[in-house]
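**Student:** Let me begin by handing over the structure; questions about it come next.
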Amino acid sequence: MKHASIEREIRIDATPDVVYKVISTPEHLREWWPDEAEFTPAPGATGHITFGDTKVVPLTVIEADPPRRFVFRWVHEEGEAATSANSFLVTFDLVPSGTGTLLRFRETGFTEKLSDPAEREEQYNDHVTGWDHFLPRLVGYVDRLVSTA
């Protein structure tokens with residue numbers, strides 16, 4: 001189905017342990033994705049990420065399986081429990097690849113959360129643009145992190 005999921009595969013020159021920390025802990029996320037992040041990387045934990053000074057987005061951790069998988073739901077209404085009907089699902093799967101990691105990224109939930117086709121297309125395109133900007137920043141941050149270690 002059109003506008004159903006965003007998927008990317010990225011090769012990163014760092015171990016899955018390092019990449020997992022970068023995608024799952026607020027102090028590392030702040031270096032490549034949101035301006036602010038507050039949550040505990042444990043299943044069921046809730047928190048938020050902030051873009052700029054005003055865009056606060058709720059986040060709920062669904063799975064935390066270091067160093068293999070990190071999954072969260074986001075963009076649901078503040079105060080609501082995140083479900084498949086009201087949020088997007090982001091999955092990071094990490095696969096060892098030689099001395100590095102193959103990161104498999106997937107975001108779904110567009111068809112479940114958004115029934116209006118025009119709104120779904122707009123949100124989908126916005127997220128594609130965002131991930132196309134931020135995922136390369138993740139790779140650059142990991143490169144800087146391991147080169148200074």
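By convention in this document, the chains of the structure tokens carry letters A, B, ... by their order, each chain's residues are numbered from 1, and ligands are numbered from 1 in the order they are shown.
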Could you pull out the residues in chain A that DSSP calls helix (DSSP H, G or I) from the backbone, as a VMD selection string?

**Tutor:** chain A and resid 16 to 24 26 to 29 110 to 113 117 to 147

**Student:** What parts of segment 23-146 of chain A does DSSP call strand (DSSP E or B)? I'd like the answer as an MDAnalysis selection string.

**Tutor:** chainID A and resid 36:38 46:51 55:65 69:74 88:97 100:108

**Student:** Find the residues near Ser115 of chain A: any atom within 12 Å, counting only C-alpha atoms, skip ones fewer than 5 places away on the same chain, and give them as a list in words.

**Tutor:**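 With the cut-off at 12 Å, the set is His3, Ala4, Ala85, Asn86, Gly109, Phe110, Arg120, Glu121 and Gln123 of chain A.
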
**Student:** Applying 10 Å and only C-alpha atoms, which residues near Leu145 of chain A remain after dropping the ones on its own chain fewer than 6 positions away? List them as a PyMOL selection string.

**Tutor:** chain A and resi 14+18+22+28+139

**Student:** Atoms to include: N, CA and C atoms. Write the selected residues as a PDB file, in the first residue's frame.

**Tutor:**
ATOM      1  N   ALA A  14      30.815   0.525  12.976  1.00  0.00           N
ATOM      2  CA  ALA A  14      30.908   0.420  14.433  1.00  0.00           C
ATOM      3  C   ALA A  14      30.170  -0.845  14.843  1.00  0.00           C
ATOM      4  N   VAL A  18      27.872  -0.319  20.039  1.00  0.00           N
ATOM      5  CA  VAL A  18      28.007   1.139  19.918  1.00  0.00           C
ATOM      6  C   VAL A  18      26.775   1.733  19.244  1.00  0.00           C
ATOM      7  N   VAL A  22      23.765   4.524  20.533  1.00  0.00           N
ATOM      8  CA  VAL A  22      23.512   5.766  19.800  1.00  0.00           C
ATOM      9  C   VAL A  22      22.029   5.905  19.419  1.00  0.00           C
ATOM     10  N   HIS A  28      22.894  10.300  23.445  1.00  0.00           N
ATOM     11  CA  HIS A  28      23.393  10.104  22.084  1.00  0.00           C
ATOM     12  C   HIS A  28      22.386  10.578  21.037  1.00  0.00           C
ATOM     13  N   VAL A 139      24.940   8.237  11.146  1.00  0.00           N
ATOM     14  CA  VAL A 139      26.183   7.617  10.661  1.00  0.00           C
ATOM     15  C   VAL A 139      27.370   8.531  10.945  1.00  0.00           C
TER      16      VAL A 139
END

**Student:** May I ask which of the residues A:Glu80, A:Thr40, A:Thr25, A:Phe92 is the closest one to Leu135 of chain A, counting only C-alpha atoms?

**Tutor:**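 Comparing A:Glu80, A:Thr40, A:Thr25, A:Phe92 against Leu135 of chain A, the winner is A:Phe92.
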
**Student:** Excluding Glu63 of chain A and residues on its chain fewer than 2 positions from it, collect all residues at most 9 Å away from it, counting only C-alpha atoms, and give them as a PDB file with all heavy atoms, in the first residue's frame.

**Tutor:**
ATOM      1  N   PRO A  41      15.530   3.904  28.161  1.00  0.00           N
ATOM      2  CA  PRO A  41      15.452   2.912  27.085  1.00  0.00           C
ATOM      3  C   PRO A  41      15.076   1.518  27.611  1.00  0.00           C
ATOM      4  O   PRO A  41      15.862   0.581  27.586  1.00  0.00           O
ATOM      5  CB  PRO A  41      16.849   2.940  26.477  1.00  0.00           C
ATOM      6  CG  PRO A  41      17.734   3.381  27.587  1.00  0.00           C
ATOM      7  CD  PRO A  41      16.907   4.302  28.442  1.00  0.00           C
ATOM      8  N   ALA A  42      13.840   1.400  28.102  1.00  0.00           N
ATOM      9  CA  ALA A  42      13.341   0.136  28.631  1.00  0.00           C
ATOM     10  C   ALA A  42      11.894  -0.045  28.180  1.00  0.00           C
ATOM     11  O   ALA A  42      11.144   0.939  28.101  1.00  0.00           O
ATOM     12  CB  ALA A  42      13.410   0.143  30.158  1.00  0.00           C
ATOM     13  N   PRO A  43      11.491  -1.280  27.861  1.00  0.00           N
ATOM     14  CA  PRO A  43      10.123  -1.514  27.398  1.00  0.00           C
ATOM     15  C   PRO A  43       9.085  -0.923  28.358  1.00  0.00           C
ATOM     16  O   PRO A  43       9.184  -1.080  29.573  1.00  0.00           O
ATOM     17  CB  PRO A  43      10.014  -3.035  27.356  1.00  0.00           C
ATOM     18  CG  PRO A  43      11.425  -3.496  27.144  1.00  0.00           C
ATOM     19  CD  PRO A  43      12.271  -2.518  27.923  1.00  0.00           C
ATOM     20  N   GLY A  44       8.126  -0.204  27.780  1.00  0.00           N
ATOM     21  CA  GLY A  44       7.063   0.416  28.561  1.00  0.00           C
ATOM     22  C   GLY A  44       7.371   1.822  29.037  1.00  0.00           C
ATOM     23  O   GLY A  44       6.476   2.541  29.467  1.00  0.00           O
ATOM     24  N   VAL A  61       8.704   3.488  24.575  1.00  0.00           N
ATOM     25  CA  VAL A  61       9.591   2.387  24.196  1.00  0.00           C
ATOM     26  C   VAL A  61       8.784   1.087  24.197  1.00  0.00           C
ATOM     27  O   VAL A  61       8.120   0.759  25.173  1.00  0.00           O
ATOM     28  CB  VAL A  61      10.800   2.273  25.149  1.00  0.00           C
ATOM     29  CG1 VAL A  61      11.681   1.091  24.765  1.00  0.00           C
ATOM     30  CG2 VAL A  61      11.598   3.573  25.152  1.00  0.00           C
ATOM     31  N   ASP A  65      16.225  -4.520  23.163  1.00  0.00           N
ATOM     32  CA  ASP A  65      16.955  -5.791  23.176  1.00  0.00           C
ATOM     33  C   ASP A  65      18.389  -5.544  22.719  1.00  0.00           C
ATOM     34  O   ASP A  65      18.747  -5.796  21.569  1.00  0.00           O
ATOM     35  CB  ASP A  65      16.245  -6.782  22.247  1.00  0.00           C
ATOM     36  CG  ASP A  65      16.896  -8.151  22.238  1.00  0.00           C
ATOM     37  OD1 ASP A  65      17.714  -8.448  23.135  1.00  0.00           O
ATOM     38  OD2 ASP A  65      16.603  -8.938  21.304  1.00  0.00           O
ATOM     39  N   ARG A  69      17.982  -4.848  18.876  1.00  0.00           N
ATOM     40  CA  ARG A  69      16.734  -4.212  18.422  1.00  0.00           C
ATOM     41  C   ARG A  69      16.278  -3.151  19.406  1.00  0.00           C
ATOM     42  O   ARG A  69      16.321  -3.347  20.615  1.00  0.00           O
ATOM     43  CB  ARG A  69      15.676  -5.287  18.294  1.00  0.00           C
ATOM     44  CG  ARG A  69      14.366  -4.836  17.739  1.00  0.00           C
ATOM     45  CD  ARG A  69      13.496  -6.051  17.514  1.00  0.00           C
ATOM     46  NE  ARG A  69      13.059  -6.010  16.137  1.00  0.00           N
ATOM     47  CZ  ARG A  69      11.815  -6.227  15.768  1.00  0.00           C
ATOM     48  NH1 ARG A  69      10.903  -6.555  16.655  1.00  0.00           N
ATOM     49  NH2 ARG A  69      11.468  -6.148  14.513  1.00  0.00           N
ATOM     50  N   PHE A  70      15.834  -2.033  18.831  1.00  0.00           N
ATOM     51  CA  PHE A  70      15.219  -0.971  19.616  1.00  0.00           C
ATOM     52  C   PHE A  70      13.982  -0.491  18.862  1.00  0.00           C
ATOM     53  O   PHE A  70      14.073  -0.160  17.681  1.00  0.00           O
ATOM     54  CB  PHE A  70      16.194   0.192  19.847  1.00  0.00           C
ATOM     55  CG  PHE A  70      15.662   1.226  20.786  1.00  0.00           C
ATOM     56  CD1 PHE A  70      15.465   0.931  22.134  1.00  0.00           C
ATOM     57  CD2 PHE A  70      15.350   2.501  20.337  1.00  0.00           C
ATOM     58  CE1 PHE A  70      14.971   1.879  23.006  1.00  0.00           C
ATOM     59  CE2 PHE A  70      14.858   3.468  21.208  1.00  0.00           C
ATOM     60  CZ  PHE A  70      14.672   3.151  22.550  1.00  0.00           C
ATOM     61  N   VAL A  71      12.829  -0.492  19.553  1.00  0.00           N
ATOM     62  CA  VAL A  71      11.555  -0.161  18.920  1.00  0.00           C
ATOM     63  C   VAL A  71      10.804   0.831  19.806  1.00  0.00           C
ATOM     64  O   VAL A  71      10.731   0.646  21.024  1.00  0.00           O
ATOM     65  CB  VAL A  71      10.689  -1.437  18.728  1.00  0.00           C
ATOM     66  CG1 VAL A  71       9.370  -1.099  18.045  1.00  0.00           C
ATOM     67  CG2 VAL A  71      11.449  -2.505  17.958  1.00  0.00           C
ATOM     68  N   PHE A  72      10.237   1.866  19.173  1.00  0.00           N
ATOM     69  CA  PHE A  72       9.405   2.800  19.926  1.00  0.00           C
ATOM     70  C   PHE A  72       8.230   3.273  19.091  1.00  0.00           C
ATOM     71  O   PHE A  72       8.240   3.211  17.875  1.00  0.00           O
ATOM     72  CB  PHE A  72      10.222   3.988  20.438  1.00  0.00           C
ATOM     73  CG  PHE A  72      10.854   4.847  19.370  1.00  0.00           C
ATOM     74  CD1 PHE A  72      10.161   5.900  18.777  1.00  0.00           C
ATOM     75  CD2 PHE A  72      12.157   4.607  18.955  1.00  0.00           C
ATOM     76  CE1 PHE A  72      10.747   6.690  17.805  1.00  0.00           C
ATOM     77  CE2 PHE A  72      12.756   5.400  17.985  1.00  0.00           C
ATOM     78  CZ  PHE A  72      12.046   6.441  17.394  1.00  0.00           C
ATOM     79  N   THR A  91      11.303   0.993  14.153  1.00  0.00           N
ATOM     80  CA  THR A  91      12.077  -0.194  14.500  1.00  0.00           C
ATOM     81  C   THR A  91      13.495  -0.042  13.964  1.00  0.00           C
ATOM     82  O   THR A  91      13.686   0.264  12.781  1.00  0.00           O
ATOM     83  CB  THR A  91      11.438  -1.463  13.894  1.00  0.00           C
ATOM     84  OG1 THR A  91      10.093  -1.572  14.359  1.00  0.00           O
ATOM     85  CG2 THR A  91      12.232  -2.708  14.272  1.00  0.00           C
TER      86      THR A  91
END

**Student:** Leaving out Asp53 of chain A and any residue of its chain fewer than 4 positions from it, which residues lie within 12 Å of it when counting only C-alpha atoms, given as a list in words?

**Tutor:** Pro34, Asp35, Glu36, Ile49 and Val57 of chain A

**Student:** Write a file of the selected residues as a compact mmCIF listing (two decimals), in the first residue's frame, keeping all heavy atoms.

**Tutor:**
# COMPACT_ATOMS: atom_id res chain seq x y z
N PRO A 34 16.85 14.55 17.75
CA PRO A 34 16.10 15.68 18.32
C PRO A 34 17.03 16.64 19.06
O PRO A 34 18.18 16.30 19.36
CB PRO A 34 15.15 14.99 19.30
CG PRO A 34 15.94 13.83 19.81
CD PRO A 34 16.76 13.37 18.61
N ASP A 35 16.49 17.81 19.36
CA ASP A 35 17.26 18.76 20.15
C ASP A 35 17.30 18.34 21.62
O ASP A 35 18.26 18.63 22.32
CB ASP A 35 16.65 20.16 20.03
CG ASP A 35 16.75 20.67 18.60
OD1 ASP A 35 17.87 20.70 18.07
OD2 ASP A 35 15.70 21.00 18.02
N GLU A 36 16.26 17.66 22.06
CA GLU A 36 16.19 17.20 23.45
C GLU A 36 15.50 15.84 23.45
O GLU A 36 14.64 15.57 22.61
CB GLU A 36 15.41 18.20 24.30
CG GLU A 36 15.40 17.90 25.79
CD GLU A 36 16.81 17.78 26.38
OE1 GLU A 36 17.62 18.69 26.17
OE2 GLU A 36 17.07 16.76 27.04
N ILE A 49 10.58 13.56 22.97
CA ILE A 49 11.68 14.20 22.26
C ILE A 49 11.18 15.58 21.84
O ILE A 49 9.99 15.79 21.69
CB ILE A 49 12.16 13.37 21.05
CG1 ILE A 49 11.02 13.08 20.08
CG2 ILE A 49 12.80 12.07 21.52
CD1 ILE A 49 11.46 12.38 18.83
N VAL A 57 7.27 15.87 21.30
CA VAL A 57 6.62 14.69 20.75
C VAL A 57 6.72 13.53 21.75
O VAL A 57 7.82 13.14 22.12
CB VAL A 57 7.29 14.29 19.41
CG1 VAL A 57 6.61 13.08 18.81
CG2 VAL A 57 7.29 15.46 18.43

**Student:** Between atom CA of Ile12 of chain A and atom CA of Thr101 of chain A, measure the distance and give it in Å to one decimal.

**Tutor:** 5.2 Å

**Student:** What gap, in Å, lies between atom CA of Asp116 of chain A and atom CA of Val75 of chain A?

**Tutor:**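 Separating atom CA of Asp116 of chain A from atom CA of Val75 of chain A is a distance of 16.6 Å.
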